[in-house]
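Peer 1: File follows, coords-v8.csv with CSV, C-alpha atoms and all ligand atoms:
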chain,number,residue,atom,x,y,z
A,1,MET,CA,-2.7,-2.1,-18.5
A,2,ASN,CA,0.0,-3.9,-16.4
A,3,VAL,CA,-0.2,-4.4,-12.7
A,4,VAL,CA,2.7,-4.1,-10.3
A,5,ILE,CA,2.1,-5.1,-6.6
A,6,LEU,CA,4.0,-3.3,-3.9
A,7,LEU,CA,4.7,-5.6,-0.9
A,8,GLY,CA,6.1,-4.6,2.4
A,9,ALA,CA,5.3,-4.2,6.1
A,10,PRO,CA,3.4,-1.1,7.4
A,11,GLY,CA,6.0,1.7,7.4
A,12,SER,CA,8.1,0.2,4.7
A,13,GLY,CA,7.4,3.2,2.5
A,14,LYS,CA,5.1,1.7,-0.1
A,15,GLY,CA,2.8,4.7,-0.2
A,16,THR,CA,5.6,7.2,-0.3
A,17,LEU,CA,7.4,5.3,-3.1
A,18,ALA,CA,4.2,4.8,-5.0
A,19,SER,CA,3.2,8.4,-4.9
A,20,GLU,CA,6.7,9.4,-6.3
A,21,LEU,CA,6.4,6.8,-9.0
A,22,ALA,CA,3.0,8.0,-9.9
A,23,LYS,CA,4.5,11.3,-11.1
A,24,VAL,CA,5.6,9.4,-14.2
A,25,PRO,CA,2.9,9.7,-16.9
A,26,GLY,CA,1.0,6.4,-17.3
A,27,ILE,CA,1.8,5.1,-13.8
A,28,ARG,CA,-1.1,5.2,-11.3
A,29,HIS,CA,-1.0,4.6,-7.6
A,30,LEU,CA,-3.9,2.7,-6.0
A,31,SER,CA,-3.7,2.4,-2.2
A,32,SER,CA,-6.2,0.0,-0.6
A,33,GLY,CA,-5.8,1.8,2.7
A,34,ASP,CA,-6.6,5.2,1.1
A,35,LEU,CA,-9.6,3.6,-0.7
A,36,LEU,CA,-10.9,2.3,2.6
A,37,ARG,CA,-10.2,5.5,4.6
A,38,GLY,CA,-12.2,7.3,1.8
A,39,ALA,CA,-15.1,4.9,2.2
A,40,VAL,CA,-15.1,5.4,6.0
A,41,LYS,CA,-15.0,9.2,5.7
A,42,GLU,CA,-17.9,9.1,3.2
A,43,GLY,CA,-19.9,6.7,5.4
A,44,SER,CA,-20.6,4.4,2.5
A,45,PRO,CA,-21.9,0.8,3.3
A,46,ALA,CA,-18.4,-0.6,2.6
A,47,GLY,CA,-16.9,2.1,4.9
A,48,LEU,CA,-19.3,1.4,7.7
A,49,LYS,CA,-18.3,-2.3,7.6
A,50,ALA,CA,-14.6,-1.6,7.4
A,51,LYS,CA,-14.3,1.0,10.2
A,52,ALA,CA,-14.0,-1.2,13.3
A,53,TYR,CA,-11.6,-3.6,11.6
A,54,MET,CA,-9.3,-0.7,10.6
A,55,GLU,CA,-9.4,1.0,13.9
A,56,ALA,CA,-8.3,-2.2,15.7
A,57,GLY,CA,-5.5,-2.7,13.2
A,58,ASN,CA,-7.1,-5.9,11.7
A,59,LEU,CA,-7.6,-6.7,8.1
A,60,VAL,CA,-11.1,-6.0,6.6
A,61,PRO,CA,-12.8,-9.1,5.0
A,62,ASP,CA,-11.1,-10.2,1.8
A,63,GLU,CA,-14.3,-9.9,-0.3
A,64,LEU,CA,-15.0,-6.3,0.8
A,65,ILE,CA,-11.6,-4.9,-0.3
A,66,ALA,CA,-11.4,-7.2,-3.4
A,67,GLU,CA,-14.8,-5.8,-4.7
A,68,MET,CA,-13.6,-2.2,-4.2
A,69,ILE,CA,-10.3,-2.9,-6.1
A,70,GLU,CA,-12.2,-4.6,-8.9
A,71,GLU,CA,-14.5,-1.6,-9.3
A,72,VAL,CA,-11.5,0.7,-9.6
A,73,ILE,CA,-9.7,-1.6,-12.1
A,74,ALA,CA,-13.0,-1.9,-14.2
A,75,ALA,CA,-13.4,1.9,-14.3
A,76,ASP,CA,-9.7,2.6,-15.1
A,77,GLU,CA,-8.9,4.2,-18.5
A,78,GLY,CA,-5.5,5.0,-19.9
A,79,THR,CA,-3.3,3.7,-17.1
A,80,ASN,CA,-0.2,1.9,-18.4
A,81,VAL,CA,1.2,0.6,-15.0
A,82,LEU,CA,-1.1,0.3,-12.0
A,83,LEU,CA,0.7,0.1,-8.7
A,84,LEU,CA,-1.2,-1.8,-6.1
A,85,ASP,CA,-0.2,-0.6,-2.7
A,86,GLY,CA,-1.7,-2.6,0.2
A,87,PHE,CA,-3.6,-5.1,-1.9
A,88,PRO,CA,-3.3,-8.1,-1.9
A,89,ARG,CA,-2.7,-8.6,1.8
A,90,THR,CA,-3.6,-12.3,2.2
A,91,VAL,CA,-3.1,-15.4,0.0
A,92,ARG,CA,-6.9,-15.5,-0.6
A,93,GLN,CA,-6.7,-11.9,-1.9
A,94,ALA,CA,-3.8,-12.9,-4.1
A,95,ASP,CA,-5.9,-15.7,-5.6
A,96,ILE,CA,-8.9,-13.4,-6.1
A,97,LEU,CA,-6.6,-10.8,-7.8
A,98,ALA,CA,-5.1,-13.5,-10.1
A,99,ASP,CA,-8.6,-14.5,-11.2
A,100,LEU,CA,-9.7,-10.9,-11.7
A,101,LEU,CA,-6.7,-10.0,-13.8
A,102,ALA,CA,-7.1,-13.2,-15.9
A,103,ARG,CA,-10.7,-12.3,-16.6
A,104,LYS,CA,-9.8,-8.8,-17.6
A,105,GLY,CA,-6.8,-9.9,-19.6
A,106,VAL,CA,-4.5,-7.7,-17.5
A,107,HIS,CA,-0.9,-8.6,-17.1
A,108,LEU,CA,0.7,-9.0,-13.7
A,109,ARG,CA,4.2,-7.6,-14.2
A,110,GLY,CA,5.6,-8.5,-10.8
A,111,ALA,CA,5.6,-7.9,-7.0
A,112,LEU,CA,8.1,-5.4,-5.6
A,113,LEU,CA,9.0,-6.2,-2.0
A,114,LEU,CA,10.3,-3.2,0.1
A,115,GLU,CA,12.6,-4.7,2.7
A,116,VAL,CA,13.1,-2.8,5.9
A,117,ALA,CA,14.4,-3.8,9.4
A,118,ASP,CA,11.7,-4.1,12.0
A,119,ALA,CA,13.2,-1.4,14.3
A,120,VAL,CA,13.1,1.1,11.5
A,121,LEU,CA,9.5,0.3,10.7
A,122,VAL,CA,8.3,1.2,14.2
A,123,ALA,CA,10.3,4.4,14.3
A,124,ARG,CA,9.0,5.4,10.9
A,125,ILE,CA,5.3,4.9,11.8
A,126,ALA,CA,5.8,6.9,15.0
A,127,GLY,CA,6.9,9.9,12.9
A,128,ARG,CA,4.1,9.5,10.3
A,129,ARG,CA,1.7,12.4,9.7
A,130,VAL,CA,-1.1,12.4,7.2
A,131,CYS,CA,-3.3,14.9,5.5
A,132,PRO,CA,-7.0,13.9,6.1
A,133,ASP,CA,-8.0,16.2,3.2
A,134,CYS,CA,-5.8,15.0,0.3
A,135,GLY,CA,-4.1,11.8,1.7
A,136,ALA,CA,-0.5,13.1,1.4
A,137,THR,CA,1.9,11.5,3.9
A,138,PHE,CA,4.8,13.1,5.7
A,139,ASN,CA,7.3,12.0,8.4
A,140,VAL,CA,8.6,14.4,11.0
A,141,ALA,CA,12.0,12.7,10.9
A,142,THR,CA,12.5,11.7,7.3
A,143,LEU,CA,10.1,13.7,5.1
A,144,PRO,CA,8.9,16.8,7.1
A,145,PRO,CA,6.4,19.2,5.6
A,146,LYS,CA,7.7,22.7,4.8
A,147,VAL,CA,5.6,24.2,7.6
A,148,GLU,CA,5.1,22.0,10.7
A,149,GLY,CA,1.7,20.5,10.9
A,150,VAL,CA,0.6,21.8,7.5
A,151,CYS,CA,0.1,19.8,4.3
A,152,ASP,CA,2.5,20.9,1.5
A,153,VAL,CA,0.0,19.8,-1.2
A,154,CYS,CA,-3.3,21.3,-0.1
A,155,GLY,CA,-2.6,23.3,3.1
A,156,GLY,CA,-4.7,20.9,5.3
A,157,ALA,CA,-3.9,20.3,9.0
A,158,LEU,CA,-1.8,17.2,9.4
A,159,THR,CA,-2.9,14.5,11.8
A,160,ILE,CA,-1.7,11.1,13.2
A,161,ARG,CA,-3.6,8.1,11.9
A,162,LYS,CA,-5.8,6.4,14.6
A,163,ASP,CA,-4.2,3.1,13.8
A,164,ASP,CA,-0.6,4.5,14.2
A,165,ASP,CA,-0.7,4.5,18.0
A,166,PRO,CA,2.1,2.2,19.3
A,167,ALA,CA,-0.1,-0.7,20.5
A,168,THR,CA,-2.1,-0.8,17.3
A,169,VAL,CA,1.1,-0.6,15.3
A,170,ARG,CA,2.6,-3.6,17.1
A,171,HIS,CA,-0.6,-5.5,16.3
A,172,ARG,CA,-0.5,-4.5,12.6
A,173,LEU,CA,3.1,-5.8,12.4
A,174,ASP,CA,1.9,-9.1,13.8
A,175,VAL,CA,-1.0,-9.2,11.3
A,176,TYR,CA,1.5,-8.5,8.6
A,177,ALA,CA,3.8,-11.3,9.8
A,178,GLU,CA,0.9,-13.8,10.0
A,179,GLN,CA,-1.3,-12.9,7.0
A,180,THR,CA,0.8,-11.0,4.5
A,181,PHE,CA,4.3,-12.4,4.8
A,182,PRO,CA,3.3,-15.6,3.1
A,183,LEU,CA,2.7,-13.6,-0.1
A,184,ILE,CA,6.5,-13.2,-0.4
A,185,ASP,CA,6.8,-17.0,-1.1
A,186,TYR,CA,3.6,-17.0,-3.1
A,187,TYR,CA,5.1,-14.5,-5.7
A,188,ARG,CA,8.6,-15.9,-5.4
A,189,ALA,CA,7.3,-19.4,-6.4
A,190,ARG,CA,5.6,-17.8,-9.4
A,191,GLY,CA,8.9,-16.1,-10.5
A,192,LEU,CA,7.3,-12.6,-9.9
A,193,LEU,CA,9.2,-11.3,-6.8
A,194,HIS,CA,11.7,-8.4,-7.0
A,195,THR,CA,13.3,-7.0,-3.9
A,196,VAL,CA,14.2,-3.4,-3.2
A,197,ASP,CA,16.3,-2.4,-0.1
A,198,ALA,CA,14.1,0.3,1.5
A,199,THR,CA,15.9,0.8,4.8
A,200,GLY,CA,17.7,4.2,4.0
A,201,HIS,CA,15.9,7.5,4.0
A,202,ASP,CA,17.0,8.6,0.5
A,203,LEU,CA,14.2,8.0,-1.9
A,204,GLU,CA,16.0,8.6,-5.2
A,205,PRO,CA,17.8,5.2,-5.4
A,206,LYS,CA,14.7,3.4,-4.4
A,207,ILE,CA,12.7,5.1,-7.1
A,208,GLU,CA,15.3,4.3,-9.7
A,209,ALA,CA,15.6,0.6,-8.5
A,210,ALA,CA,11.8,0.3,-8.6
A,211,LEU,CA,11.4,1.8,-12.0
A,212,ARG,CA,14.1,-0.4,-13.4
A,213,LYS,CA,12.3,-3.4,-12.0
A,214,ILE,CA,8.9,-2.3,-13.3
A,215,HIS,CA,10.3,-1.7,-16.8
A,216,ASP,CA,12.5,-4.9,-17.0
B,1,LIG,P1,-2.7,0.8,5.1
B,1,LIG,O1,-3.0,2.2,4.8
B,1,LIG,O2,-2.3,0.0,3.9
B,1,LIG,O3,-1.8,0.6,6.2
B,1,LIG,O4,-4.1,0.1,5.5
B,1,LIG,C1,-4.8,0.6,6.7
B,1,LIG,C2,-5.8,-0.4,7.1
B,1,LIG,O5,-6.8,-0.7,6.1
B,1,LIG,C3,-5.2,-1.8,7.4
B,1,LIG,O6,-4.7,-1.9,8.8
B,1,LIG,C4,-6.5,-2.7,7.3
B,1,LIG,O7,-7.4,-2.5,8.4
B,1,LIG,C5,-7.1,-2.0,6.1
B,1,LIG,N1,-6.7,-2.6,4.8
B,1,LIG,C6,-5.9,-2.0,3.8
B,1,LIG,N2,-5.7,-2.8,2.8
B,1,LIG,C7,-6.3,-4.0,3.1
B,1,LIG,C8,-6.4,-5.3,2.5
B,1,LIG,N3,-5.9,-5.5,1.3
B,1,LIG,N4,-7.1,-6.3,3.1
B,1,LIG,C9,-7.7,-6.1,4.3
B,1,LIG,N5,-7.6,-4.9,5.0
B,1,LIG,C10,-6.9,-3.9,4.4
Can I see the file as structure tokens?
Ligand code: AMP

Peer 2:
Amino acid sequence: MNVVILLGAPGSGKGTLASELAKVPGIRHLSSGDLLRGAVKEGSPAGLKAKAYMEAGNLVPDELIAEMIEEVIAADEGTNVLLLDGFPRTVRQADILADLLARKGVHLRGALLLEVADAVLVARIAGRRVCPDCGATFNVATLPPKVEGVCDVCGGALTIRKDDDPATVRHRLDVYAEQTFPLIDYYRARGLLHTVDATGHDLEPKIEAALRKIHD
């Protein structure tokens, strides 16, 4: 297995890009946010611990999410490229991931940074709608569902994420700037950083650019 990290602010389109890339056989999308939301929904011990942090737009403790990611990687079979979306989010998590991959003999292929102007991020998050049943994501402005309010994939009723309200979004962008932004230099210094311009709405060129970088 090879690992590719997707880096980018909330709303940069990591999840949308990753779910498109995961249509390619052998590529798997692992979203730390989806993993945590699943745990909260289930009411598992990890979910109970994570809930309050997530609702406030804060990061959950590094060890909590790192253990969940490790379990998924340990159980994985047959994935060629694992796309990590939302993990690591801090330098500490990046160090934990490096150790974990070294122990498992998994190769870190690179980190793809989706670059988007701040004003675009806020507008994108405002339009985001998610399916609580299957996790599919839509956007009323840029990626609307075929029927308003209904998930194209499973027919579930689309909702707005609790942490997508404007005040929490501003806080999440601050958290990104303080805690996750340093990862850009972290991976650049290790010769692993690749950048994709993710400002436009058209997904096709981004998918192609990302695939080229993954396969380089
Ligand atoms: P996301 O769906 O990636 O925007 O994540 C939603 C929320 O889950 C974040 O605001 C954090 O509260 C939490 N979360 C997701 N990934 C991580 C991570 N790697 N480290 C800490 N918290 C995380």

Peer 1: So, counting all atoms listed in the file, which residue among A:Leu82, A:Val175, A:Leu113, A:Val72 is closest to ligand LIG 1 (chain B)?

Peer 2: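 That would be A:Val175, the residue with the smallest distance to ligand LIG 1 (chain B).
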
Peer 1: Counting only C-alpha atoms and all ligand atoms, which protein, DNA or RNA residues come within 6 Å of ligand LIG 1 (chain B), given as a PDB file with C-alpha atoms, in the frame of the given file?

Peer 2:
ATOM      1  CA  PRO A  10       3.400  -1.100   7.400  1.00  0.00           C
ATOM      2  CA  SER A  32      -6.200   0.000  -0.600  1.00  0.00           C
ATOM      3  CA  GLY A  33      -5.800   1.800   2.700  1.00  0.00           C
ATOM      4  CA  ASP A  34      -6.600   5.200   1.100  1.00  0.00           C
ATOM      5  CA  TYR A  53     -11.600  -3.600  11.600  1.00  0.00           C
ATOM      6  CA  MET A  54      -9.300  -0.700  10.600  1.00  0.00           C
ATOM      7  CA  GLY A  57      -5.500  -2.700  13.200  1.00  0.00           C
ATOM      8  CA  ASN A  58      -7.100  -5.900  11.700  1.00  0.00           C
ATOM      9  CA  LEU A  59      -7.600  -6.700   8.100  1.00  0.00           C
ATOM     10  CA  VAL A  60     -11.100  -6.000   6.600  1.00  0.00           C
ATOM     11  CA  PRO A  61     -12.800  -9.100   5.000  1.00  0.00           C
ATOM     12  CA  ASP A  62     -11.100 -10.200   1.800  1.00  0.00           C
ATOM     13  CA  ILE A  65     -11.600  -4.900  -0.300  1.00  0.00           C
ATOM     14  CA  GLY A  86      -1.700  -2.600   0.200  1.00  0.00           C
ATOM     15  CA  PHE A  87      -3.600  -5.100  -1.900  1.00  0.00           C
ATOM     16  CA  PRO A  88      -3.300  -8.100  -1.900  1.00  0.00           C
ATOM     17  CA  ARG A  89      -2.700  -8.600   1.800  1.00  0.00           C
TER      18      ARG A  89
END

Peer 1: Of the candidates A:Gln93, A:Ser19, A:Thr159, A:Thr79, which one gets nearest to A:Thr180 if we count all atoms listed in the file?

Peer 2: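 Of A:Gln93, A:Ser19, A:Thr159, A:Thr79, the one nearest A:Thr180 is A:Gln93, counting all atoms listed in the file.
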
Peer 1: Near stretch 134-145 of chain A, within 12 Å and counting all atoms listed in the file, which residues show up once chain neighbours fewer than 2 positions away are dropped, as JSON, numbers by chain?

Peer 2: {"A": [11, 13, 14, 15, 16, 17, 18, 19, 20, 30, 31, 33, 34, 35, 36, 37, 38, 41, 120, 123, 124, 125, 126, 127, 128, 129, 130, 131, 132, 147, 148, 149, 150, 151, 152, 153, 154, 155, 156, 157, 158, 159, 160, 161, 199, 200, 201, 202, 203]}

Peer 1: Enter the distance from atom CA of A:His194 to atom CA of A:Val122, in Å, rounded to one decimal.

Peer 2: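 The value is 23.5 Å.
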
Peer 1: Suppose you want the space between atom CA of A:Ala9 and atom CA of A:Leu84; what is it in Å?

Peer 2: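 Spanning atom CA of A:Ala9 to atom CA of A:Leu84 is a straight-line distance of 14.0 Å.
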
Peer 1: Just how far from atom CA of A:Gly110 is atom CA of A:Asn80, in Å to one decimal?

Peer 2: 14.1 Å

Peer 1: Extract, using only C-alpha atoms, all DNA, RNA and protein residues at most 12 Å from A:Ala98, discarding same-chain residues fewer than 6 positions from it, and format them as a list in words.

Peer 2: Val3, Ile5, Ala66, Glu70, Phe87, Pro88, Val91, Arg92, Lys104, Gly105, Val106, His107, Leu108, Arg109, Gly110, Tyr186, Tyr187 and Arg190 of chain A

Peer 1: Please identify all polymer residues within 7 Å of A:Ser12, counting all atoms listed in the file, omitting same-chain residues fewer than 3 positions from it, and present them as a VMD selection string.

Peer 2: chain A and resid 8 to 9 114 to 116 121 198

Peer 1: Selection from above, C-alpha atoms, as a CSV table (one decimal), keeping the file's coordinate frame, can you write it?

Peer 2:
chain,number,residue,atom,x,y,z
A,8,GLY,CA,6.1,-4.6,2.4
A,9,ALA,CA,5.3,-4.2,6.1
A,114,LEU,CA,10.3,-3.2,0.1
A,115,GLU,CA,12.6,-4.7,2.7
A,116,VAL,CA,13.1,-2.8,5.9
A,121,LEU,CA,9.5,0.3,10.7
A,198,ALA,CA,14.1,0.3,1.5

Peer 1: From the list A:Gln179, A:Met1, A:Lys23, A:Leu7, which residue is nearest A:Ala74 when using all atoms listed in the file?

Peer 2: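 Closest to A:Ala74, using all atoms listed in the file: A:Met1.
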
Peer 1: So, with only C-alpha atoms as the atoms that count, which of A:Ile96, A:Asp163, A:Leu193, A:Glu77 lies closest to A:Ile214?

Peer 2: A:Leu193
